[in-house]
file input34.cif (mmCIF, C-alpha atoms and all ligand atoms)
data_entry
loop_
_atom_site.label_atom_id
_atom_site.label_comp_id
_atom_site.auth_asym_id
_atom_site.auth_seq_id
_atom_site.Cartn_x
_atom_site.Cartn_y
_atom_site.Cartn_z
CA MET W 92 22.17 50.61 86.11
CA ASN W 93 24.19 52.49 88.68
CA ALA W 94 22.57 54.52 91.42
CA GLN W 95 22.07 58.18 90.64
CA LEU W 96 23.73 60.86 92.70
CA GLU W 97 21.24 63.64 93.28
CA VAL W 98 22.67 67.15 93.69
CA HIS W 99 20.55 69.85 95.30
CA MET W 100 22.00 73.33 95.03
CA PHE W 101 20.75 76.43 96.84
CA PRO W 102 21.98 80.00 97.22
CA CYS W 103 22.92 81.21 100.71
CA LEU W 104 24.74 84.07 102.46
CA SER W 105 25.40 86.89 100.01
CA ASP W 106 26.82 84.94 97.07
CA ASN W 107 27.59 81.37 98.22
CA TYR W 108 26.05 78.18 96.92
CA GLY W 109 25.24 75.32 99.25
CA PHE W 110 25.15 71.79 97.86
CA LEU W 111 23.51 68.67 99.22
CA ILE W 112 24.31 65.37 97.57
CA HIS W 113 22.11 62.35 98.13
CA ASP W 114 22.44 58.61 97.65
CA SER W 115 18.84 57.39 97.63
CA GLU W 116 19.77 53.69 97.79
CA GLU W 117 21.69 53.98 101.03
CA ASN W 118 19.77 57.05 102.22
CA LEU W 119 22.89 59.14 102.75
CA THR W 120 23.11 62.90 102.42
CA ALA W 121 26.23 65.04 102.47
CA SER W 122 26.52 68.79 102.64
CA ILE W 123 29.45 70.06 100.60
CA ASP W 124 30.85 72.64 103.05
CA THR W 125 28.72 74.35 105.70
CA PRO W 126 28.29 77.98 104.66
CA ASP W 127 25.00 78.59 106.47
CA VAL W 128 23.43 76.16 108.96
CA SER W 129 19.85 77.41 108.67
CA ALA W 130 19.94 77.40 104.87
CA ILE W 131 21.32 73.84 104.95
CA GLU W 132 18.60 72.76 107.39
CA ASP W 133 15.91 74.35 105.22
CA ALA W 134 17.27 72.53 102.18
CA LEU W 135 17.35 69.21 104.08
CA ASN W 136 13.75 69.70 105.21
CA GLN W 137 12.63 70.66 101.75
CA LYS W 138 14.13 67.47 100.30
CA GLY W 139 13.15 65.27 103.26
CA TRP W 140 16.79 64.21 103.69
CA GLU W 141 18.81 63.65 106.86
CA LEU W 142 22.36 64.86 107.05
CA THR W 143 24.86 62.01 107.37
CA HIS W 144 28.08 63.63 106.07
CA ILE W 145 29.87 66.92 105.59
CA ILE W 146 32.56 67.14 102.94
CA ASN W 147 34.77 70.22 103.32
CA THR W 148 36.80 71.98 100.67
CA HIS W 149 38.65 74.52 102.85
CA HIS W 150 38.81 76.26 106.19
CA HIS W 151 37.18 79.62 105.41
CA TYR W 152 34.25 80.46 107.65
CA ASP W 153 31.76 80.50 104.79
CA HIS W 154 32.78 76.89 104.04
CA ALA W 155 33.41 75.24 107.40
CA GLY W 156 31.76 77.64 109.86
CA GLY W 157 28.70 75.43 110.36
CA ASN W 158 30.60 72.16 110.85
CA LEU W 159 30.37 71.77 114.62
CA GLU W 160 26.78 72.93 114.98
CA LEU W 161 25.60 70.49 112.32
CA LYS W 162 27.73 67.69 113.74
CA LYS W 163 26.24 68.30 117.18
CA LYS W 164 22.71 68.21 115.81
CA THR W 165 23.06 65.24 113.46
CA ASN W 166 26.17 63.32 114.52
CA CYS W 167 27.26 63.40 110.89
CA ILE W 168 30.70 62.29 109.69
CA ILE W 169 33.00 65.12 108.60
CA ILE W 170 35.35 64.46 105.69
CA GLY W 171 38.01 67.01 104.83
CA PRO W 172 41.56 67.65 103.67
CA ALA W 173 44.19 66.02 105.89
CA GLU W 174 46.37 69.01 105.02
CA ASP W 175 44.05 71.33 106.97
CA ILE W 176 42.92 69.15 109.86
CA GLU W 177 44.09 71.84 112.31
CA ARG W 178 41.92 74.56 110.84
CA ILE W 179 38.76 72.71 109.78
CA PRO W 180 36.73 71.82 112.87
CA GLY W 181 35.53 68.30 113.50
CA ILE W 182 37.19 66.26 110.73
CA ASP W 183 36.62 62.52 111.31
CA LEU W 184 37.98 61.27 108.02
CA PRO W 185 41.02 63.18 106.75
CA ILE W 186 41.70 62.76 103.02
CA GLU W 187 45.14 62.89 101.43
CA HIS W 188 45.88 64.11 97.91
CA GLY W 189 44.59 61.58 95.38
CA GLN W 190 42.87 59.47 98.02
CA GLU W 191 39.70 57.66 97.03
CA PHE W 192 36.79 57.19 99.40
CA LYS W 193 33.20 56.05 99.21
CA PHE W 194 30.10 58.15 99.65
CA GLY W 195 27.48 55.39 99.73
CA SER W 196 27.79 53.61 96.42
CA PHE W 197 29.78 56.43 94.83
CA GLU W 198 33.53 56.65 94.44
CA VAL W 199 35.00 60.06 95.22
CA LYS W 200 38.56 61.25 94.84
CA GLY W 201 39.96 64.18 96.82
CA PHE W 202 42.70 66.32 95.32
CA HIS W 203 44.78 68.86 97.17
CA THR W 204 44.50 72.14 95.23
CA PRO W 205 46.50 74.80 97.09
CA GLY W 206 46.32 78.42 95.96
CA HIS W 207 43.22 80.01 97.47
CA THR W 208 44.25 78.41 100.78
CA THR W 209 47.19 76.09 101.36
CA GLY W 210 44.94 73.20 102.40
CA HIS W 211 42.18 73.45 99.78
CA MET W 212 40.73 70.20 98.42
CA VAL W 213 38.41 69.48 95.49
CA TYR W 214 36.27 66.36 95.14
CA HIS W 215 35.86 64.49 91.88
CA PHE W 216 33.06 61.99 91.26
CA GLU W 217 34.71 60.56 88.18
CA SER W 218 31.93 58.16 87.07
CA GLU W 219 29.29 60.85 87.54
CA LYS W 220 31.50 63.41 85.75
CA ILE W 221 30.93 66.00 88.44
CA ALA W 222 33.23 67.80 90.84
CA PHE W 223 32.90 70.12 93.80
CA VAL W 224 35.64 72.66 93.41
CA GLY W 225 35.08 75.07 96.32
CA ASP W 226 36.93 78.34 95.76
CA THR W 227 39.60 76.96 93.40
CA ILE W 228 37.83 77.68 90.11
CA PHE W 229 34.80 79.86 89.41
CA VAL W 230 32.83 80.44 86.24
CA MET W 231 35.31 82.46 84.15
CA GLY W 232 37.40 83.04 87.28
CA CYS W 233 39.49 81.48 90.01
CA GLY W 234 39.94 81.91 93.75
CA ARG W 235 41.99 84.72 95.17
CA LEU W 236 45.47 83.68 96.28
CA PHE W 237 45.03 84.30 99.99
CA GLU W 238 47.64 81.76 101.05
CA GLY W 239 49.17 80.05 98.03
CA THR W 240 51.43 81.11 95.16
CA PRO W 241 50.59 81.59 91.48
CA GLN W 242 52.67 78.47 90.74
CA GLN W 243 50.59 76.40 93.17
CA MET W 244 47.32 77.73 91.79
CA ILE W 245 48.25 77.09 88.16
CA GLU W 246 49.14 73.49 89.09
CA SER W 247 45.79 73.15 90.88
CA LEU W 248 43.96 74.49 87.83
CA ASP W 249 45.98 72.17 85.56
CA LEU W 250 44.82 69.24 87.66
CA ILE W 251 41.19 70.27 87.10
CA MET W 252 41.90 70.77 83.38
CA SER W 253 43.09 67.16 83.15
CA TRP W 254 39.55 65.91 83.79
CA PRO W 255 37.18 65.13 80.89
CA ASP W 256 35.79 68.17 79.06
CA GLU W 257 32.18 67.39 79.93
CA THR W 258 32.88 67.41 83.70
CA LEU W 259 30.38 69.58 85.58
CA LEU W 260 32.08 71.91 88.04
CA TYR W 261 30.13 73.03 91.07
CA CYS W 262 31.78 76.28 92.18
CA ALA W 263 30.96 77.70 95.61
CA HIS W 264 30.15 81.31 94.67
CA GLU W 265 28.09 83.20 92.12
CA TYR W 266 30.80 85.58 90.96
CA THR W 267 30.17 85.04 87.27
CA GLN W 268 29.03 88.45 86.07
CA ALA W 269 31.93 90.28 87.69
CA ASN W 270 34.32 87.60 86.40
CA ALA W 271 33.01 88.00 82.86
CA GLU W 272 33.39 91.77 83.02
CA PHE W 273 37.01 91.32 84.02
CA ALA W 274 37.69 88.52 81.52
CA ILE W 275 36.70 90.83 78.65
CA THR W 276 39.42 93.27 79.69
CA VAL W 277 42.19 90.71 79.08
CA ASP W 278 40.58 88.54 76.37
CA GLY W 279 38.31 90.96 74.55
CA MET W 280 38.77 89.43 71.07
CA ASN W 281 37.52 86.02 72.24
CA GLN W 282 34.16 85.47 70.50
CA ASP W 283 33.22 82.59 72.82
CA LEU W 284 33.78 84.88 75.79
CA ILE W 285 31.79 87.77 74.29
CA GLN W 286 28.88 85.43 73.59
CA ARG W 287 29.05 83.79 76.99
CA LYS W 288 29.11 87.14 78.76
CA SER W 289 25.87 88.13 77.10
CA GLU W 290 24.29 84.75 77.98
CA VAL W 291 25.37 85.19 81.59
CA ASP W 292 23.97 88.71 81.75
CA ASP W 293 20.62 87.35 80.51
CA LEU W 294 20.62 84.59 83.14
CA ARG W 295 21.53 86.90 85.99
CA ARG W 296 18.86 89.41 85.02
CA GLU W 297 16.43 86.63 86.03
CA LEU W 298 18.66 85.64 89.00
CA ILE W 299 19.22 82.22 87.43
CA PRO W 300 22.40 80.50 88.73
CA THR W 301 25.31 80.18 86.32
CA VAL W 302 26.70 77.27 88.38
CA PRO W 303 27.49 74.49 87.61
CA THR W 304 29.72 75.12 84.64
CA GLN W 305 31.27 72.64 82.24
CA LEU W 306 35.02 72.29 81.90
CA HIS W 307 35.09 72.73 78.12
CA LEU W 308 33.32 76.11 78.48
CA GLU W 309 35.91 77.21 81.02
CA LYS W 310 38.76 76.19 78.73
CA LYS W 311 37.31 78.50 76.07
CA THR W 312 36.35 81.48 78.24
CA ASN W 313 38.15 81.46 81.60
CA PRO W 314 41.26 83.68 81.32
CA PHE W 315 42.90 81.90 84.27
CA LEU W 316 42.99 78.69 82.23
CA ARG W 317 44.26 80.46 79.13
CA SER W 318 47.65 81.79 80.12
CA ASP W 319 49.19 80.22 77.00
CA ASP W 320 46.72 81.95 74.67
CA GLN W 321 48.54 84.10 72.11
CA GLU W 322 45.93 86.89 71.97
CA ILE W 323 45.91 87.25 75.75
CA ARG W 324 49.71 87.27 75.87
CA MET W 325 49.89 89.84 73.09
CA GLY W 326 47.42 92.09 74.92
CA LEU W 327 49.47 91.87 78.10
CA GLY W 328 52.77 92.37 76.25
CA MET W 329 53.96 89.03 77.67
CA MET W 330 54.76 86.96 74.59
CA GLU W 331 57.95 85.52 76.10
CA SER W 332 56.72 85.02 79.68
CA THR W 333 56.04 81.69 81.35
CA ARG W 334 52.47 80.50 81.89
CA THR W 335 52.87 81.16 85.60
CA GLU W 336 53.99 84.74 84.99
CA VAL W 337 51.03 85.35 82.69
CA PHE W 338 48.66 83.74 85.18
CA ALA W 339 50.08 85.85 88.02
CA GLU W 340 49.63 89.03 85.97
CA ILE W 341 46.00 88.17 85.18
CA ARG W 342 45.33 87.33 88.84
CA ASN W 343 46.96 90.58 89.90
CA ARG W 344 44.85 92.61 87.49
CA LYS W 345 41.70 90.89 88.70
CA ASP W 346 42.57 91.71 92.32
CA GLN W 347 42.71 95.37 91.35
CA PHE W 348 39.71 95.34 89.02
ZN ZN W 401 37.37 80.67 100.49
#

call {"tool": "encode", "arguments": {"input": "input34.cif", "output": "structure tokens", "more": "lines below"}}
Ligand SMILES: [Zn+2]
result
Amino acid sequence: MNAQLEVHMFPCLSDNYGFLIHDSEENLTASIDTPDVSAIEDALNQKGWELTHIINTHHHYDHAGGNLELKKKTNCIIIGPAEDIERIPGIDLPIEHGQEFKFGSFEVKGFHTPGHTTGHMVYHFESEKIAFVGDTIFVMGCGRLFEGTPQQMIESLDLIMSWPDETLLYCAHEYTQANAEFAITVDGMNQDLIQRKSEVDDLRRELIPTVPTQLHLEKKTNPFLRSDDQEIRMGLGMMESTRTEVFAEIRNRKDQF
């Protein structure tokens, strides 16, 4: 029997999620990103865990802003994308695209997923079938293209889509309701989407998180993964366009929604 990776998720800032992961056998705890130092400390206290690692997805302040303060307090090891070592403070262990590393007894693979930022990285725990995807993919949405191109983002999303369908995706923001409202405007005939939107509305009425999501649900309802869908293309009048062109149009519409 393999050790279990425990994931503790908590809301922080206005719409971020913080995540602590814990290896009970080796007594290691990592914070995925550092959105909010006091919320992370509260979560650590609540669980009785001591911070040993930070694993960063990207350089934005609501993801890496707490790095140095937490490192100073705990002397934790900071793991992050080699691509963005200049912009993410305190990285001890830079990870290259496709590089495997150990968190205690767990194997993790980092993948460079440019689009939202040029240096973004996602972390896949293949045996556990979970991944921390930062601001690359959201429930029924994807990250804004602040630095990357549509072509880069579609390749990043394709990489995520190549994982097993049951993979749990831990996205870093609760943007789901707004994403669903937008998704309906480009994929309004999609029965899975209509049903999921109403489920999400029910959950959010009670302030229940919609994260994590499962990859197979995203394939059915996330318009950013569905740029080859015929109904979506028909609606956009883009039957002959490339997937990247369709993706870019959907992203553009979402930015203006
Ligand atoms: Zn971001």

call {"tool": "residues_near_ligand", "arguments": {"input": "input34.cif", "ligand": "ligand ZN 401 (chain W)", "cutoff": "9 Å", "atoms": "only C-alpha atoms and all ligand atoms", "output": "count of residues only"}}
result
17

call {"tool": "closest_residue", "arguments": {"input": "input34.cif", "among": "W:Ile146, W:Glu177, W:Met280, W:Cys167", "to": "His215 (chain W)", "atoms": "all atoms listed in the file"}}
result
W:Ile146

call {"tool": "residues_near_point", "arguments": {"input": "input34.cif", "point": "(51.1, 94.5, 79.8)", "cutoff": "12 Å", "atoms": "only C-alpha atoms", "output": "PyMOL selection string"}}
result
chain W and resi 276-277+323-332+336-337+339-341+343-344

call {"tool": "closest_residue", "arguments": {"input": "input34.cif", "among": "W:Gly139, W:His113, W:Arg342, W:Tyr108", "to": "Leu236 (chain W)", "atoms": "only C-alpha atoms"}}
result
W:Arg342

call {"tool": "closest_residue", "arguments": {"input": "input34.cif", "among": "W:Ala155, W:Asn147, W:His264, W:Met231", "to": "Leu184 (chain W)", "atoms": "all atoms listed in the file"}}
result
W:Asn147

call {"tool": "residues_around", "arguments": {"input": "input34.cif", "residues": "Thr267 (chain W)", "least_positions_apart": "6", "cutoff": "9 Å", "atoms": "all atoms listed in the file", "output": "PDB file with C-alpha atoms, in the coordinates of the input"}}
result
ATOM      1  CA  PHE W 229      34.800  79.860  89.410  1.00  0.00           C
ATOM      2  CA  VAL W 230      32.830  80.440  86.240  1.00  0.00           C
ATOM      3  CA  MET W 231      35.310  82.460  84.150  1.00  0.00           C
ATOM      4  CA  GLY W 232      37.400  83.040  87.280  1.00  0.00           C
ATOM      5  CA  LYS W 288      29.110  87.140  78.760  1.00  0.00           C
ATOM      6  CA  VAL W 291      25.370  85.190  81.590  1.00  0.00           C
ATOM      7  CA  ARG W 295      21.530  86.900  85.990  1.00  0.00           C
ATOM      8  CA  THR W 301      25.310  80.180  86.320  1.00  0.00           C
ATOM      9  CA  VAL W 302      26.700  77.270  88.380  1.00  0.00           C
TER      10      VAL W 302
END

call {"tool": "atom_distance", "arguments": {"input": "input34.cif", "atom1": "CA of Ile228 (chain W)", "atom2": "CA of Ile251 (chain W)"}}
result
8.7 Å

call {"tool": "residues_near_point", "arguments": {"input": "input34.cif", "point": "(23.5, 83.2, 99.1)", "cutoff": "10 Å", "atoms": "all atoms listed in the file", "output": "list of chain:residue names"}}
result
W:Phe101, W:Pro102, W:Cys103, W:Leu104, W:Ser105, W:Asp106, W:Asn107, W:Tyr108, W:Gly109, W:Pro126, W:Asp127, W:Ala130, W:Ala263, W:His264, W:Glu265

call {"tool": "closest_residue", "arguments": {"input": "input34.cif", "among": "W:Leu142, W:Leu248, W:Ala274, W:Ala134", "to": "Asn118 (chain W)", "atoms": "only C-alpha atoms"}}
result
W:Leu142

call {"tool": "atom_distance", "arguments": {"input": "input34.cif", "atom1": "CA of Asn136 (chain W)", "atom2": "CA of Asn158 (chain W)"}}
result
17.9 Å

call {"tool": "decode", "arguments": {"input": "input34.cif", "residues": "region 124-239 of chain W", "atoms": "C-alpha atoms", "output": "compact mmCIF listing (two decimals), in the first residue's frame"}}
result
# COMPACT_ATOMS: atom_id res chain seq x y z
CA ASP W 124 1.91 28.73 -4.31
CA THR W 125 1.80 31.38 -1.58
CA PRO W 126 -1.27 33.54 -2.18
CA ASP W 127 -1.76 34.65 1.42
CA VAL W 128 0.75 34.04 4.22
CA SER W 129 -1.68 34.33 7.13
CA ALA W 130 -4.23 32.03 5.50
CA ILE W 131 -1.46 29.49 4.85
CA GLU W 132 -0.28 29.74 8.45
CA ASP W 133 -3.82 29.30 9.74
CA ALA W 134 -4.25 26.22 7.56
CA LEU W 135 -0.92 24.78 8.78
CA ASN W 136 -1.93 25.35 12.40
CA GLN W 137 -5.33 23.85 11.85
CA LYS W 138 -3.78 20.68 10.41
CA GLY W 139 -0.84 20.61 12.84
CA TRP W 140 1.60 20.55 9.90
CA GLU W 141 4.94 22.31 9.47
CA LEU W 142 5.80 23.88 6.16
CA THR W 143 8.77 22.19 4.48
CA HIS W 144 8.24 23.11 0.80
CA ILE W 145 6.68 25.66 -1.50
CA ILE W 146 5.85 24.59 -5.04
CA ASN W 147 5.17 27.55 -7.35
CA THR W 148 3.14 27.60 -10.54
CA HIS W 149 3.86 31.17 -11.71
CA HIS W 150 5.16 34.58 -10.75
CA HIS W 151 1.94 36.52 -10.13
CA TYR W 152 1.75 38.12 -6.71
CA ASP W 153 -1.27 36.07 -5.64
CA HIS W 154 0.82 32.93 -6.31
CA ALA W 155 4.37 33.76 -5.25
CA GLY W 156 3.93 36.90 -3.13
CA GLY W 157 4.33 35.04 0.17
CA ASN W 158 7.42 33.04 -0.83
CA LEU W 159 10.13 34.99 0.97
CA GLU W 160 8.19 35.62 4.17
CA LEU W 161 7.35 31.93 4.52
CA LYS W 162 10.89 30.90 3.62
CA LYS W 163 12.27 33.25 6.27
CA LYS W 164 9.92 31.86 8.90
CA THR W 165 10.24 28.15 8.10
CA ASN W 166 13.41 27.72 6.02
CA CYS W 167 11.33 25.74 3.55
CA ILE W 168 12.61 24.63 0.13
CA ILE W 169 11.11 26.50 -2.81
CA ILE W 170 10.50 24.55 -6.01
CA GLY W 171 9.47 26.40 -9.16
CA PRO W 172 9.76 26.70 -12.92
CA ALA W 173 13.35 27.13 -14.13
CA GLU W 174 11.86 29.24 -16.91
CA ASP W 175 10.84 31.92 -14.39
CA ILE W 176 13.65 31.81 -11.85
CA GLU W 177 14.20 35.56 -12.32
CA ARG W 178 10.65 36.50 -11.39
CA ILE W 179 9.73 33.97 -8.69
CA PRO W 180 11.53 34.86 -5.47
CA GLY W 181 13.59 32.31 -3.59
CA ILE W 182 13.62 29.27 -5.89
CA ASP W 183 16.03 26.61 -4.57
CA LEU W 184 15.09 23.83 -6.93
CA PRO W 185 14.34 24.98 -10.49
CA ILE W 186 12.33 22.49 -12.55
CA GLU W 187 12.58 22.10 -16.32
CA HIS W 188 9.75 21.03 -18.61
CA GLY W 189 9.02 17.34 -18.08
CA GLN W 190 11.38 17.04 -15.13
CA GLU W 191 10.47 14.59 -12.40
CA PHE W 192 11.17 15.25 -8.75
CA LYS W 193 10.24 13.73 -5.42
CA PHE W 194 7.99 15.22 -2.77
CA GLY W 195 8.63 12.74 0.05
CA SER W 196 7.57 9.38 -1.31
CA PHE W 197 5.61 10.91 -4.19
CA GLU W 198 6.76 11.36 -7.76
CA VAL W 199 5.85 14.71 -9.29
CA LYS W 200 6.34 15.91 -12.84
CA GLY W 201 6.51 19.60 -13.74
CA PHE W 202 5.34 20.75 -17.15
CA HIS W 203 5.93 24.16 -18.66
CA THR W 204 2.52 25.50 -19.71
CA PRO W 205 3.01 28.99 -21.16
CA GLY W 206 -0.02 31.12 -22.03
CA HIS W 207 -1.22 32.86 -18.87
CA THR W 208 2.43 33.74 -18.19
CA THR W 209 5.44 32.69 -20.24
CA GLY W 210 6.95 30.74 -17.34
CA HIS W 211 3.87 28.97 -15.97
CA MET W 212 4.30 25.40 -14.72
CA VAL W 213 1.78 22.73 -13.71
CA TYR W 214 2.53 19.78 -11.44
CA HIS W 215 1.26 16.28 -12.12
CA PHE W 216 1.18 13.55 -9.46
CA GLU W 217 0.62 10.80 -11.98
CA SER W 218 0.16 7.86 -9.56
CA GLU W 219 -2.24 9.88 -7.41
CA LYS W 220 -4.08 11.11 -10.53
CA ILE W 221 -4.04 14.69 -9.32
CA ALA W 222 -2.53 17.87 -10.69
CA PHE W 223 -2.05 21.44 -9.55
CA VAL W 224 -2.71 23.58 -12.56
CA GLY W 225 -2.40 27.15 -11.25
CA ASP W 226 -3.99 29.62 -13.64
CA THR W 227 -3.67 27.49 -16.79
CA ILE W 228 -7.07 25.82 -16.66
CA PHE W 229 -10.12 26.67 -14.56
CA VAL W 230 -13.45 24.93 -14.17
CA MET W 231 -15.07 25.60 -17.57
CA GLY W 232 -12.41 28.23 -18.26
CA CYS W 233 -8.75 28.96 -18.79
CA GLY W 234 -6.26 31.62 -17.73
CA ARG W 235 -6.13 34.97 -19.43
CA LEU W 236 -3.32 35.32 -21.95
CA PHE W 237 -1.34 37.99 -20.13
CA GLU W 238 2.00 37.01 -21.65
CA GLY W 239 1.60 34.05 -23.99
